[in-house]
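Source file final12.txt; content: compact mmCIF, C-alpha atoms.
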# COMPACT_ATOMS: atom_id res chain seq x y z
CA MET A 299 1.80 13.18 8.44
CA ALA A 300 5.16 11.45 8.64
CA LYS A 301 7.85 13.83 7.42
CA SER A 302 10.52 11.25 8.17
CA LYS A 303 9.14 9.08 5.38
CA TRP A 304 9.82 11.40 2.49
CA ARG A 305 13.12 12.59 3.96
CA LEU A 306 14.27 9.01 4.13
CA ALA A 307 13.00 8.41 0.61
CA ALA A 308 15.11 11.33 -0.54
CA GLY A 309 18.12 9.63 0.97
CA LEU A 310 17.20 6.43 -0.83
CA VAL A 311 17.14 8.19 -4.19
CA ALA A 312 20.49 9.83 -3.48
CA VAL A 313 21.99 6.43 -2.78
CA SER A 314 20.34 5.06 -5.94
CA LEU A 315 22.00 7.65 -8.14
CA ALA A 316 25.45 7.08 -6.66
CA ALA A 317 25.45 3.32 -6.02
CA SER A 318 27.61 0.76 -7.74
CA ALA A 319 26.48 -2.56 -9.18
CA CYS A 320 25.20 -5.11 -6.68
CA SER A 321 26.72 -8.50 -6.11
CA SER A 322 24.50 -11.56 -6.50
CA ALA A 323 21.91 -12.02 -3.75
CA ASN A 324 22.47 -14.57 -1.02
CA LEU A 325 19.39 -15.34 1.02
CA THR A 326 21.10 -17.29 3.76
CA ASN A 327 22.40 -15.64 6.89
CA PRO A 328 26.22 -15.58 6.59
CA GLY A 329 26.58 -15.68 10.36
CA GLY A 330 23.91 -18.32 11.01
CA GLU A 331 24.85 -21.56 12.71
CA ALA A 332 24.27 -24.85 10.90
CA PRO A 333 22.50 -27.62 12.78
CA ALA A 334 24.91 -29.77 14.77
CA PRO A 335 25.59 -33.16 13.14
CA GLY A 336 23.44 -35.87 14.65
CA ALA A 337 21.29 -33.41 16.60
CA LYS A 338 17.83 -34.69 17.47
CA GLU A 339 15.25 -32.88 15.40
CA GLU A 340 12.03 -32.17 17.27
CA PRO A 341 9.18 -31.27 14.88
CA VAL A 342 8.51 -27.54 14.70
CA LEU A 343 5.52 -26.41 12.65
CA LEU A 344 4.87 -22.89 11.35
CA THR A 345 2.20 -21.44 9.08
CA ILE A 346 2.89 -18.30 7.06
CA ARG A 347 -0.16 -16.44 5.76
CA HIS A 348 0.87 -14.49 2.68
CA THR A 349 -0.95 -12.56 -0.04
CA GLN A 350 1.25 -13.34 -3.06
CA VAL A 351 -1.51 -15.15 -4.95
CA LYS A 352 -1.95 -13.13 -8.15
CA ASP A 353 -0.38 -14.00 -11.47
CA THR A 354 1.56 -10.73 -11.32
CA GLN A 355 3.08 -11.74 -7.95
CA LYS A 356 4.80 -14.97 -9.01
CA LYS A 357 8.28 -13.54 -8.50
CA ARG A 358 7.40 -12.35 -5.00
CA LEU A 359 6.03 -15.79 -4.16
CA ALA A 360 9.19 -17.43 -5.50
CA MET A 361 11.31 -15.20 -3.26
CA LEU A 362 9.17 -16.10 -0.25
CA GLN A 363 9.51 -19.78 -1.08
CA GLU A 364 13.30 -19.40 -1.18
CA VAL A 365 13.22 -17.73 2.23
CA VAL A 366 11.11 -20.60 3.57
CA LYS A 367 13.59 -23.21 2.29
CA ALA A 368 16.53 -21.30 3.72
CA THR A 369 14.76 -20.99 7.09
CA GLU A 370 13.88 -24.67 7.20
CA ALA A 371 17.50 -25.55 6.42
CA LYS A 372 18.70 -23.53 9.42
CA VAL A 373 16.21 -24.86 12.01
CA PRO A 374 16.28 -28.59 12.76
CA GLY A 375 12.87 -30.24 12.45
CA LEU A 376 11.17 -27.14 11.05
CA SER A 377 8.34 -27.49 8.55
CA ILE A 378 6.68 -24.34 7.18
CA THR A 379 3.27 -24.28 5.49
CA LEU A 380 2.49 -21.41 3.12
CA ASP A 381 -1.13 -20.28 3.18
CA GLY A 382 -1.90 -17.90 0.31
CA VAL A 383 -4.97 -15.65 0.57
CA GLU A 384 -5.96 -12.60 -1.52
CA ASP A 385 -4.89 -9.48 0.37
CA LYS A 386 -8.30 -7.90 0.97
CA VAL A 387 -9.85 -11.23 1.94
CA ASN A 388 -7.01 -11.75 4.39
CA ARG A 389 -7.22 -8.28 5.86
CA PHE A 390 -10.96 -7.77 6.12
CA GLU A 391 -12.28 -11.31 6.52
CA LYS A 392 -10.00 -14.22 7.33
CA LEU A 393 -7.40 -12.61 9.60
CA ARG A 394 -10.03 -10.54 11.36
CA ALA A 395 -12.03 -13.69 12.20
CA GLU A 396 -8.90 -15.51 13.33
CA MET A 397 -7.91 -12.63 15.58
CA ALA A 398 -11.39 -12.56 17.12
CA ALA A 399 -11.11 -16.29 17.83
CA GLY A 400 -7.53 -15.97 19.08
CA ASN A 401 -6.02 -18.40 16.56
CA PRO A 402 -4.09 -16.47 13.89
CA PRO A 403 -1.24 -18.19 12.02
CA GLU A 404 2.21 -17.87 13.55
CA ILE A 405 3.26 -15.44 10.77
CA PHE A 406 0.85 -13.35 8.72
CA ASP A 407 0.46 -10.36 6.42
CA LEU A 408 -0.43 -7.41 8.69
CA PHE A 409 -1.68 -3.93 7.79
CA GLY A 410 -0.49 -0.98 9.85
CA GLY A 411 -2.35 1.71 11.73
CA THR A 412 -5.82 0.86 13.01
CA ASP A 413 -5.54 -2.87 12.27
CA THR A 414 -2.34 -3.19 14.26
CA ARG A 415 -3.66 -1.13 17.17
CA ASP A 416 -6.85 -3.20 17.34
CA TYR A 417 -4.92 -6.49 17.44
CA VAL A 418 -2.53 -5.15 20.07
CA LYS A 419 -5.53 -4.11 22.16
CA ALA A 420 -6.86 -7.66 21.82
CA ASN A 421 -3.44 -8.99 22.95
CA ARG A 422 -2.90 -11.03 19.78
CA LEU A 423 0.44 -9.70 18.46
CA LEU A 424 3.99 -10.62 19.43
CA ASP A 425 6.09 -7.72 20.71
CA LEU A 426 8.99 -7.61 18.26
CA THR A 427 10.95 -4.87 20.00
CA PRO A 428 13.42 -7.18 21.83
CA ILE A 429 13.75 -9.51 18.82
CA LEU A 430 14.65 -6.67 16.47
CA ALA A 431 17.22 -5.45 19.00
CA GLU A 432 18.66 -8.95 19.40
CA LEU A 433 19.03 -9.34 15.62
CA GLY A 434 20.53 -5.86 15.21
CA LEU A 435 17.69 -4.69 12.95
CA THR A 436 16.10 -1.87 14.94
CA ASP A 437 17.94 0.90 13.09
CA LYS A 438 17.98 -0.79 9.68
CA PHE A 439 14.45 0.24 8.64
CA TYR A 440 13.05 3.52 7.36
CA SER A 441 10.02 3.47 9.64
CA PHE A 442 8.11 1.28 12.10
CA GLU A 443 5.63 4.11 12.71
CA GLU A 444 2.49 2.33 11.53
CA PHE A 445 3.30 -0.77 13.60
CA THR A 446 4.33 0.93 16.82
CA VAL A 447 1.89 1.03 19.75
CA ASP A 448 2.88 2.54 23.10
CA GLY A 449 6.53 2.47 22.07
CA LYS A 450 6.57 -1.22 21.12
CA ILE A 451 6.93 -2.63 17.57
CA TYR A 452 4.45 -5.28 16.39
CA GLY A 453 5.09 -5.58 12.66
CA ILE A 454 8.10 -5.61 10.31
CA PRO A 455 7.42 -3.77 7.03
CA MET A 456 8.03 -5.81 3.89
CA ALA A 457 8.32 -2.91 1.43
CA GLY A 458 7.27 0.68 0.93
CA TYR A 459 4.59 2.13 -1.32
CA VAL A 460 3.62 5.42 -2.90
CA GLU A 461 0.44 6.33 -4.80
CA GLY A 462 0.19 8.64 -7.77
CA LEU A 463 -0.78 9.13 -11.38
CA TYR A 464 0.63 6.82 -14.04
CA TYR A 465 0.46 8.26 -17.55
CA ASN A 466 1.08 7.07 -21.10
CA LYS A 467 3.95 9.24 -22.35
CA LYS A 468 3.53 8.37 -26.03
CA LEU A 469 -0.24 8.81 -26.04
CA LEU A 470 0.01 12.25 -24.44
CA SER A 471 2.81 13.26 -26.80
CA ASP A 472 0.81 12.11 -29.83
CA GLN A 473 -2.10 14.26 -28.65
CA GLN A 474 0.24 17.19 -27.93
CA ILE A 475 -0.59 17.14 -24.21
CA ASP A 476 2.01 17.88 -21.56
CA PRO A 477 1.84 15.94 -18.27
CA PRO A 478 -0.62 18.07 -16.23
CA ARG A 479 0.71 19.84 -13.13
CA THR A 480 -2.54 21.51 -12.02
CA TRP A 481 -6.16 20.44 -11.74
CA GLU A 482 -7.11 22.81 -14.55
CA GLU A 483 -4.51 21.25 -16.84
CA LEU A 484 -5.72 17.75 -15.92
CA ILE A 485 -9.33 18.63 -16.75
CA ALA A 486 -8.30 20.27 -20.04
CA ALA A 487 -6.34 17.13 -20.95
CA ALA A 488 -9.28 14.87 -20.06
CA ALA A 489 -11.68 16.95 -22.16
CA LYS A 490 -9.33 16.85 -25.16
CA LEU A 491 -8.83 13.10 -24.85
CA LYS A 492 -12.55 12.39 -24.47
CA ALA A 493 -13.32 14.51 -27.56
CA ARG A 494 -10.88 12.30 -29.49
CA LYS A 495 -12.56 9.11 -28.17
CA ILE A 496 -9.66 8.23 -25.87
CA THR A 497 -10.46 7.18 -22.29
CA PRO A 498 -8.87 9.73 -19.95
CA PHE A 499 -8.79 7.59 -16.77
CA ALA A 500 -8.65 3.82 -16.37
CA LEU A 501 -10.85 2.83 -13.41
CA ALA A 502 -12.19 -0.45 -12.03
CA ALA A 503 -14.79 0.36 -9.38
CA LYS A 504 -16.10 -3.11 -8.52
CA ASP A 505 -13.38 -3.27 -5.88
CA SER A 506 -14.39 -0.19 -3.90
CA TRP A 507 -10.98 0.36 -2.30
CA VAL A 508 -9.63 1.18 -5.77
CA ILE A 509 -11.90 4.25 -6.04
CA ASN A 510 -10.80 5.53 -2.68
CA MET A 511 -7.11 5.74 -3.57
CA MET A 512 -7.62 8.75 -5.83
CA ILE A 513 -10.33 10.50 -3.80
CA ASN A 514 -8.15 10.14 -0.68
CA THR A 515 -5.38 12.11 -2.38
CA MET A 516 -7.88 14.62 -3.78
CA TRP A 517 -9.37 15.53 -0.38
CA VAL A 518 -5.88 15.81 1.11
CA ARG A 519 -5.11 18.26 -1.71
CA THR A 520 -8.15 20.41 -0.89
CA ALA A 521 -8.35 19.97 2.91
CA GLY A 522 -4.76 19.30 3.96
CA PRO A 523 -2.63 16.34 5.13
CA GLN A 524 -4.02 16.50 8.68
CA SER A 525 -7.64 16.17 7.56
CA VAL A 526 -8.07 12.54 8.64
CA GLU A 527 -6.75 13.31 12.13
CA GLY A 528 -9.25 16.18 12.24
CA LEU A 529 -12.10 13.84 11.32
CA LEU A 530 -11.05 11.52 14.12
CA ASP A 531 -10.85 14.20 16.82
CA GLY A 532 -13.93 16.11 15.60
CA SER A 533 -12.13 19.29 14.60
CA LYS A 534 -12.99 18.62 10.94
CA ARG A 535 -16.13 17.28 9.30
CA TRP A 536 -16.76 15.46 6.05
CA THR A 537 -19.27 18.19 5.23
CA ASP A 538 -16.69 20.98 5.53
CA PRO A 539 -16.39 22.90 2.23
CA ASP A 540 -12.72 22.04 1.72
CA VAL A 541 -13.41 18.29 2.09
CA ALA A 542 -16.63 18.35 0.07
CA ASP A 543 -14.88 20.28 -2.71
CA ALA A 544 -12.78 17.21 -3.60
CA PHE A 545 -15.88 15.03 -3.86
CA GLU A 546 -17.63 17.60 -6.04
CA LYS A 547 -14.66 17.61 -8.38
CA TYR A 548 -14.55 13.82 -8.46
CA ASN A 549 -18.25 13.75 -9.27
CA MET A 550 -17.58 16.12 -12.16
CA LEU A 551 -15.14 13.55 -13.59
CA VAL A 552 -17.90 10.95 -13.32
CA LYS A 553 -20.57 13.15 -14.91
CA LYS A 554 -18.38 14.11 -17.85
CA GLY A 555 -17.56 10.49 -18.61
CA TYR A 556 -13.84 10.78 -18.05
CA PHE A 557 -13.60 7.38 -16.38
CA GLN A 558 -13.52 3.97 -18.02
CA GLU A 559 -16.99 2.83 -19.13
CA GLY A 560 -18.70 0.11 -17.10
CA SER A 561 -16.21 0.50 -14.24
CA LEU A 562 -18.63 -0.74 -11.55
CA ALA A 563 -18.58 -4.19 -13.13
CA LEU A 564 -14.78 -4.34 -13.44
CA SER A 565 -12.35 -5.82 -10.94
CA TYR A 566 -9.01 -4.22 -10.12
CA ALA A 567 -7.04 -6.11 -12.78
CA GLU A 568 -9.23 -4.61 -15.51
CA GLN A 569 -8.04 -1.14 -14.56
CA GLN A 570 -4.44 -2.12 -15.21
CA ASN A 571 -5.41 -3.98 -18.39
CA LYS A 572 -7.11 -0.88 -19.79
CA PHE A 573 -4.06 1.25 -19.13
CA SER A 574 -1.40 -1.29 -20.12
CA SER A 575 -3.13 -1.91 -23.45
CA GLY A 576 -2.70 1.77 -24.33
CA GLU A 577 -6.45 2.49 -24.21
CA ALA A 578 -6.34 5.06 -21.39
CA ALA A 579 -4.10 8.07 -20.81
CA PHE A 580 -4.02 8.08 -16.99
CA MET A 581 -4.37 5.62 -14.12
CA PHE A 582 -4.22 6.45 -10.42
CA ASP A 583 -2.57 3.54 -8.64
CA GLY A 584 0.17 2.50 -6.25
CA SER A 585 3.84 1.77 -6.84
CA TRP A 586 3.01 -1.94 -6.65
CA ALA A 587 1.30 -1.64 -10.05
CA ASN A 588 4.59 -1.07 -11.88
CA THR A 589 5.34 -4.79 -12.24
CA PRO A 590 2.60 -5.72 -14.76
CA LEU A 591 2.98 -2.35 -16.52
CA LEU A 592 6.64 -3.09 -17.21
CA ASP A 593 6.07 -6.68 -18.36
CA PRO A 594 6.33 -6.66 -22.18
CA GLU A 595 4.27 -9.85 -22.33
CA LYS A 596 1.35 -8.14 -20.57
CA SER A 597 1.84 -4.48 -21.49
CA THR A 598 2.00 -2.73 -24.85
CA ILE A 599 3.28 0.44 -23.18
CA ALA A 600 6.17 -1.00 -21.14
CA ASN A 601 8.55 1.63 -22.51
CA ASP A 602 6.10 4.53 -22.39
CA VAL A 603 4.92 4.65 -18.75
CA GLY A 604 5.49 7.73 -16.61
CA PHE A 605 4.62 8.41 -12.97
CA MET A 606 3.80 11.71 -11.30
CA SER A 607 2.27 13.07 -8.14
CA PHE A 608 -1.40 14.00 -8.51
CA PRO A 609 -1.70 17.56 -9.88
CA ASP A 610 -2.05 20.52 -7.51
CA MET A 611 -5.62 21.54 -6.72
CA GLY A 612 -4.98 24.87 -5.01
CA GLY A 613 -5.33 23.64 -1.44
CA PRO A 614 -3.09 23.16 1.61
CA GLY A 615 -2.34 19.57 0.63
CA ASP A 616 -0.72 20.36 -2.69
CA GLY A 617 2.66 18.66 -2.99
CA TYR A 618 1.99 15.97 -0.37
CA ILE A 619 1.84 12.32 -1.39
CA ASN A 620 0.25 9.16 -0.08
CA GLY A 621 3.19 6.93 0.81
CA GLY A 622 4.90 4.98 3.51
CA TRP A 623 5.29 1.46 4.86
CA SER A 624 1.89 -0.05 5.62
CA ASN A 625 2.27 -3.77 4.87
CA ALA A 626 4.27 -5.99 7.19
CA TYR A 627 4.65 -9.44 8.62
CA GLY A 628 3.10 -9.79 12.04
CA PHE A 629 3.59 -12.68 14.43
CA SER A 630 1.31 -14.47 16.86
CA ARG A 631 1.77 -13.82 20.55
CA LYS A 632 0.96 -17.51 21.15
CA ALA A 633 4.13 -18.74 19.40
CA THR A 634 5.94 -21.42 21.42
CA PRO A 635 9.64 -21.11 22.37
CA ALA A 636 10.57 -23.51 19.55
CA GLN A 637 8.46 -21.52 17.09
CA LEU A 638 10.14 -18.31 18.29
CA VAL A 639 13.53 -19.75 17.31
CA ALA A 640 12.12 -20.41 13.82
CA ILE A 641 10.51 -16.96 13.67
CA LYS A 642 13.84 -15.29 14.40
CA GLU A 643 15.48 -17.29 11.63
CA PHE A 644 12.67 -16.36 9.23
CA ILE A 645 13.28 -12.70 10.06
CA ARG A 646 17.01 -13.12 9.37
CA GLN A 647 16.32 -14.71 5.99
CA MET A 648 13.58 -12.29 4.93
CA TYR A 649 15.02 -9.00 6.14
CA ASN A 650 18.51 -8.47 4.76
CA GLU A 651 20.15 -6.35 2.10
CA PRO A 652 20.20 -8.98 -0.69
CA MET A 653 16.50 -9.81 -0.32
CA GLN A 654 15.43 -6.17 -0.18
CA LYS A 655 17.60 -5.46 -3.22
CA ARG A 656 15.99 -8.32 -5.15
CA GLN A 657 12.52 -7.03 -4.33
CA LEU A 658 13.50 -3.60 -5.59
CA VAL A 659 15.21 -4.74 -8.81
CA GLU A 660 12.98 -7.68 -9.76
CA GLU A 661 9.62 -6.38 -8.56
CA GLY A 662 10.03 -2.61 -8.25
CA MET A 663 9.10 -2.69 -4.56
CA PRO A 664 10.48 0.33 -2.64
CA PRO A 665 12.61 -1.15 0.15
CA ALA A 666 11.60 -1.09 3.79
CA MET A 667 15.25 -1.30 4.82
CA LYS A 668 18.00 1.28 4.24
CA LEU A 669 19.92 -0.23 1.36
CA GLN A 670 23.57 0.53 0.69
CA ASP A 671 23.13 -0.27 -3.00
CA THR A 672 20.07 0.55 -5.12
CA SER A 673 21.67 0.40 -8.57
CA ASN A 674 20.27 -1.39 -11.64
CA VAL A 675 16.74 -0.24 -10.90
CA ASN A 676 14.21 0.15 -13.74
CA PRO A 677 13.85 3.80 -14.82
CA LEU A 678 10.14 3.85 -13.97
CA VAL A 679 10.86 2.62 -10.44
CA THR A 680 13.57 5.26 -10.10
CA GLU A 681 11.04 7.85 -11.27
CA ILE A 682 8.56 6.65 -8.63
CA LEU A 683 11.21 6.94 -5.91
CA GLN A 684 12.15 10.42 -7.11
CA VAL A 685 8.52 11.56 -7.04
CA PHE A 686 8.29 10.30 -3.46
CA ALA A 687 11.55 12.00 -2.50
CA SER A 688 10.66 15.35 -4.04
CA SER A 689 7.23 15.55 -2.41
CA LYS A 690 6.53 18.18 0.24
CA GLY A 691 5.65 15.43 2.72
CA ALA A 692 3.87 12.09 3.07
CA PHE A 693 0.54 11.06 4.54
CA PRO A 694 -0.74 7.52 5.26
CA ALA A 695 -3.70 5.97 3.47
CA PHE A 696 -6.90 7.02 5.21
CA ASP A 697 -7.95 3.40 5.85
CA SER A 698 -4.94 2.91 8.12
CA ARG A 699 -6.41 5.52 10.48
CA ILE A 700 -10.16 5.81 9.96
CA GLN A 701 -12.63 3.48 11.70
CA THR A 702 -13.86 0.37 9.89
CA LYS A 703 -17.52 1.44 9.71
CA VAL A 704 -16.56 4.82 8.24
CA ARG A 705 -14.33 3.17 5.66
CA GLU A 706 -17.06 0.73 4.67
CA LYS A 707 -19.63 3.49 4.32
CA LEU A 708 -17.27 5.57 2.20
CA GLU A 709 -16.51 2.59 -0.03
CA ARG A 710 -20.21 1.85 -0.64
CA GLY A 711 -20.95 5.54 -1.04
CA MET A 712 -18.26 6.08 -3.66
CA GLN A 713 -19.61 3.17 -5.68
CA GLU A 714 -23.04 4.81 -5.51
CA LEU A 715 -21.51 8.11 -6.62
CA VAL A 716 -19.81 6.46 -9.59
CA GLY A 717 -23.10 4.75 -10.41
CA GLY A 718 -25.05 8.02 -10.21
CA ARG A 719 -27.16 6.86 -7.26
CA THR A 720 -26.09 9.62 -4.87
CA ASP A 721 -24.58 13.10 -4.90
CA PRO A 722 -21.61 14.54 -3.00
CA ALA A 723 -23.69 16.53 -0.50
CA SER A 724 -25.82 13.52 0.48
CA LEU A 725 -22.76 11.28 0.63
CA MET A 726 -20.83 13.67 2.87
CA ALA A 727 -23.77 14.08 5.26
CA ASP A 728 -24.21 10.31 5.48
CA ILE A 729 -20.53 9.65 6.16
CA GLN A 730 -20.36 12.43 8.74
CA LYS A 731 -23.16 10.77 10.72
CA GLN A 732 -21.20 7.54 10.78
CA GLN A 733 -18.00 9.40 11.69
CA GLU A 734 -19.68 10.97 14.71
CA ALA A 735 -21.11 7.62 15.79
CA SER A 736 -17.74 5.88 15.41
CA ASN A 737 -15.90 8.63 17.26
CA LYS A 738 -18.41 8.41 20.10
CA GLU A 739 -18.15 4.62 20.24
CA GLU A 740 -14.36 4.82 20.29
CA THR A 741 -14.44 7.33 23.15
CA HIS A 742 -16.67 5.05 25.22
CA THR A 743 -14.44 2.00 24.73
CA LYS A 744 -11.20 3.75 25.78
Represent the structure of the file as structure tokens.
Amino acid sequence: MAKSKWRLAAGLVAVSLAASACSSANLTNPGGEAPAPGAKEEPVLLTIRHTQVKDTQKKRLAMLQEVVKATEAKVPGLSITLDGVEDKVNRFEKLRAEMAAGNPPEIFDLFGGTDTRDYVKANRLLDLTPILAELGLTDKFYSFEEFTVDGKIYGIPMAGYVEGLYYNKKLLSDQQIDPPRTWEELIAAAAKLKARKITPFALAAKDSWVINMMINTMWVRTAGPQSVEGLLDGSKRWTDPDVADAFEKYNMLVKKGYFQEGSLALSYAEQQNKFSSGEAAFMFDGSWANTPLLDPEKSTIANDVGFMSFPDMGGPGDGYINGGWSNAYGFSRKATPAQLVAIKEFIRQMYNEPMQKRQLVEEGMPPAMKLQDTSNVNPLVTEILQVFASSKGAFPAFDSRIQTKVREKLERGMQELVGGRTDPASLMADIQKQQEASNKEETHTK
């Protein structure tokens, strides 16, 4: 649990409420040196692996392209290739294979926690600690926690995130339902909605990671924010009553038909489509989902979206929220001296107040850097930041800490639970076996 995260988020909201209007963004480094006239330009090649490939991420891609052009203009002979790959394919397939072979791109989208530690152990990541100090950026960020290994920093967060419950304000008002603050109120609302032939929860379960966002928060509610650390050190088990209770409650939602029909055949985008079309009352998702929800060309509820922390369930994790800074750019340890010059310039162009402000205003991305000005932010984004700030504390997504084999078994198991092919008790026993095996394997490799 990283208490610094929500405390810093509280500071961000305070700045947001008091800030003045921002001046126009300038992506270039005001203090950067222009290439000397007539200087010989030796070719310098860089590849940037990014994940801005979806239709809803066009603005983010455009910003990255601007950064690339600005970087190339500052470094003589530099040519940057953008390699776009879907985020889960990059994280779980392509980048993993490249790291095993020792040939990752020079710059790449990197996930924090276990991924970063594994790549540091394999000696694949560039130590950014001296570079951040050289560029005067070390104290400009909210947190490097998920990218710090043995006191050294190996990733620079791009933006923050927070997960919670989006809700359709108008739909709930029309049905005379107040936003639920407790589990009992949530269930009563779901029952009322279902009886009136309204889908309570949008859900797309074909992409298994989507299911695990909500259940992760639910078991933290019932078992506490330190539960994942307990699973890793053996002091807690998946079969413990407080952990299993969350899965029993989730299964009840499945059995009562409170989730979107046919969810196992639906990809992630269909979850957002169901909610943004006004056909579902609730959707558990991350802050990154606000962009398509606020787009009037894609959403019929752009002016009716609310965001709240998941309701209290009566456990030690009530009030805590899944949030932090888990996505970053990482850099290859094999970068040449000439490539390092270009990498430093890329960092200057990407990580500055104007760029972070643009991400916040144009895309609703909580900043990774401590902004002086966070004015002109969409009300929904402000609401998301306030929910983060007012939480009791923050906890990281379980898949940034738990072992890969455990994550994979939980993902498959949750799909089976949604499909009615297993029950919570069997699922918990199965995952606990894998947890014990993974813990033992990890102990032997240390």
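Among the candidates A:Glu660, A:Lys419, A:Met361, A:Leu433, the residue lying nearest to Glu643 (chain A) is A:Leu433 (atoms considered: only C-alpha atoms).
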Do you know which residues are at most 6 Å from region 719-735 of chain A counting only C-alpha atoms, after dropping those on the same chain fewer than 5 positions away, and could you put them as a count of residues only?
6
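When all atoms listed in the file are used to compute distances to Thr436 (chain A), the closest of the residues A:Val659, A:Ile451, A:Met456, A:Ala420 turns out to be A:Ile451.
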Straight-line distance linking CA of Leu564 (chain A) with CA of Met516 (chain A), stated in Å to one decimal
22.4 Å
What's the 10 Å shell around Asn510 (chain A), counting all atoms listed in the file, without same-chain residues fewer than 2 positions away, as a CSV table (one decimal) with C-alpha atoms, in the frame of the given file?
chain,number,residue,atom,x,y,z
A,503,ALA,CA,-14.8,0.4,-9.4
A,505,ASP,CA,-13.4,-3.3,-5.9
A,506,SER,CA,-14.4,-0.2,-3.9
A,507,TRP,CA,-11.0,0.4,-2.3
A,508,VAL,CA,-9.6,1.2,-5.8
A,512,MET,CA,-7.6,8.8,-5.8
A,513,ILE,CA,-10.3,10.5,-3.8
A,514,ASN,CA,-8.2,10.1,-0.7
A,515,THR,CA,-5.4,12.1,-2.4
A,516,MET,CA,-7.9,14.6,-3.8
A,695,ALA,CA,-3.7,6.0,3.5
A,696,PHE,CA,-6.9,7.0,5.2
A,697,ASP,CA,-8.0,3.4,5.8
A,705,ARG,CA,-14.3,3.2,5.7
A,708,LEU,CA,-17.3,5.6,2.2
A,709,GLU,CA,-16.5,2.6,0.0
A,712,MET,CA,-18.3,6.1,-3.7
A,713,GLN,CA,-19.6,3.2,-5.7
Kindly provide, as a ChimeraX atom specification, the polymer residues lying within 12 Å of (16.1, -14.3, 12.2), counting only C-alpha atoms and using the coordinates exactly as they appear in the file.
/A:325-331,365-366,368-370,372-373,426,429-435,454,637-650
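The space separating CA of Arg422 (chain A) from CA of Gln654 (chain A) comes to 27.5 Å.
Checking A:Thr702, A:Asn588, A:Thr480, A:Gln657 one by one against Gly617 (chain A), counting only C-alpha atoms, you find the shortest gap at A:Thr480.
Of the listed residues A:Leu562, A:Ala567, A:Val685, A:Leu470, the one whose atoms come nearest to Phe605 (chain A) is A:Val685, with distances taken using all atoms listed in the file.
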Give as a ChimeraX atom specification the set of residues within 10 Å of the point (-9.4, 7.5, -21.0), where distances use the file's coordinates and all atoms listed in the file.
/A:488-489,491-492,494-501,555-559,572-573,576-581
Generate a file of the selected residues that holds C-alpha atoms, formatted as a PDB file, in the frame of the given file.
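Heads up, here's the output in part14.pdb:
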ATOM      1  CA  ALA A 488      -9.280  14.870 -20.060  1.00  0.00           C
ATOM      2  CA  ALA A 489     -11.680  16.950 -22.160  1.00  0.00           C
ATOM      3  CA  LEU A 491      -8.830  13.100 -24.850  1.00  0.00           C
ATOM      4  CA  LYS A 492     -12.550  12.390 -24.470  1.00  0.00           C
ATOM      5  CA  ARG A 494     -10.880  12.300 -29.490  1.00  0.00           C
ATOM      6  CA  LYS A 495     -12.560   9.110 -28.170  1.00  0.00           C
ATOM      7  CA  ILE A 496      -9.660   8.230 -25.870  1.00  0.00           C
ATOM      8  CA  THR A 497     -10.460   7.180 -22.290  1.00  0.00           C
ATOM      9  CA  PRO A 498      -8.870   9.730 -19.950  1.00  0.00           C
ATOM     10  CA  PHE A 499      -8.790   7.590 -16.770  1.00  0.00           C
ATOM     11  CA  ALA A 500      -8.650   3.820 -16.370  1.00  0.00           C
ATOM     12  CA  LEU A 501     -10.850   2.830 -13.410  1.00  0.00           C
ATOM     13  CA  GLY A 555     -17.560  10.490 -18.610  1.00  0.00           C
ATOM     14  CA  TYR A 556     -13.840  10.780 -18.050  1.00  0.00           C
ATOM     15  CA  PHE A 557     -13.600   7.380 -16.380  1.00  0.00           C
ATOM     16  CA  GLN A 558     -13.520   3.970 -18.020  1.00  0.00           C
ATOM     17  CA  GLU A 559     -16.990   2.830 -19.130  1.00  0.00           C
ATOM     18  CA  LYS A 572      -7.110  -0.880 -19.790  1.00  0.00           C
ATOM     19  CA  PHE A 573      -4.060   1.250 -19.130  1.00  0.00           C
ATOM     20  CA  GLY A 576      -2.700   1.770 -24.330  1.00  0.00           C
ATOM     21  CA  GLU A 577      -6.450   2.490 -24.210  1.00  0.00           C
ATOM     22  CA  ALA A 578      -6.340   5.060 -21.390  1.00  0.00           C
ATOM     23  CA  ALA A 579      -4.100   8.070 -20.810  1.00  0.00           C
ATOM     24  CA  PHE A 580      -4.020   8.080 -16.990  1.00  0.00           C
ATOM     25  CA  MET A 581      -4.370   5.620 -14.120  1.00  0.00           C
TER      26      MET A 581
END
Excluding Glu681 (chain A) and residues on its chain fewer than 5 positions from it, collect all residues at most 10 Å away from it, counting all atoms listed in the file, and give them as a VMD selection string.
chain A and resid 311 604 to 606 675 to 676 686 to 687
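If all atoms listed in the file are the atoms counted, then among A:Met611, A:Val383, A:Ile700, A:Val552 the closest residue to Val518 (chain A) is A:Met611.
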Separation of CA of Gly718 (chain A) from CA of Ala502 (chain A), in Å and rounded to one decimal:
15.5 Å
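Across A:Ser597, A:Thr379, A:Gln363, A:Thr741, the tightest approach to Leu344 (chain A) is made by A:Thr379 when counting all atoms listed in the file.
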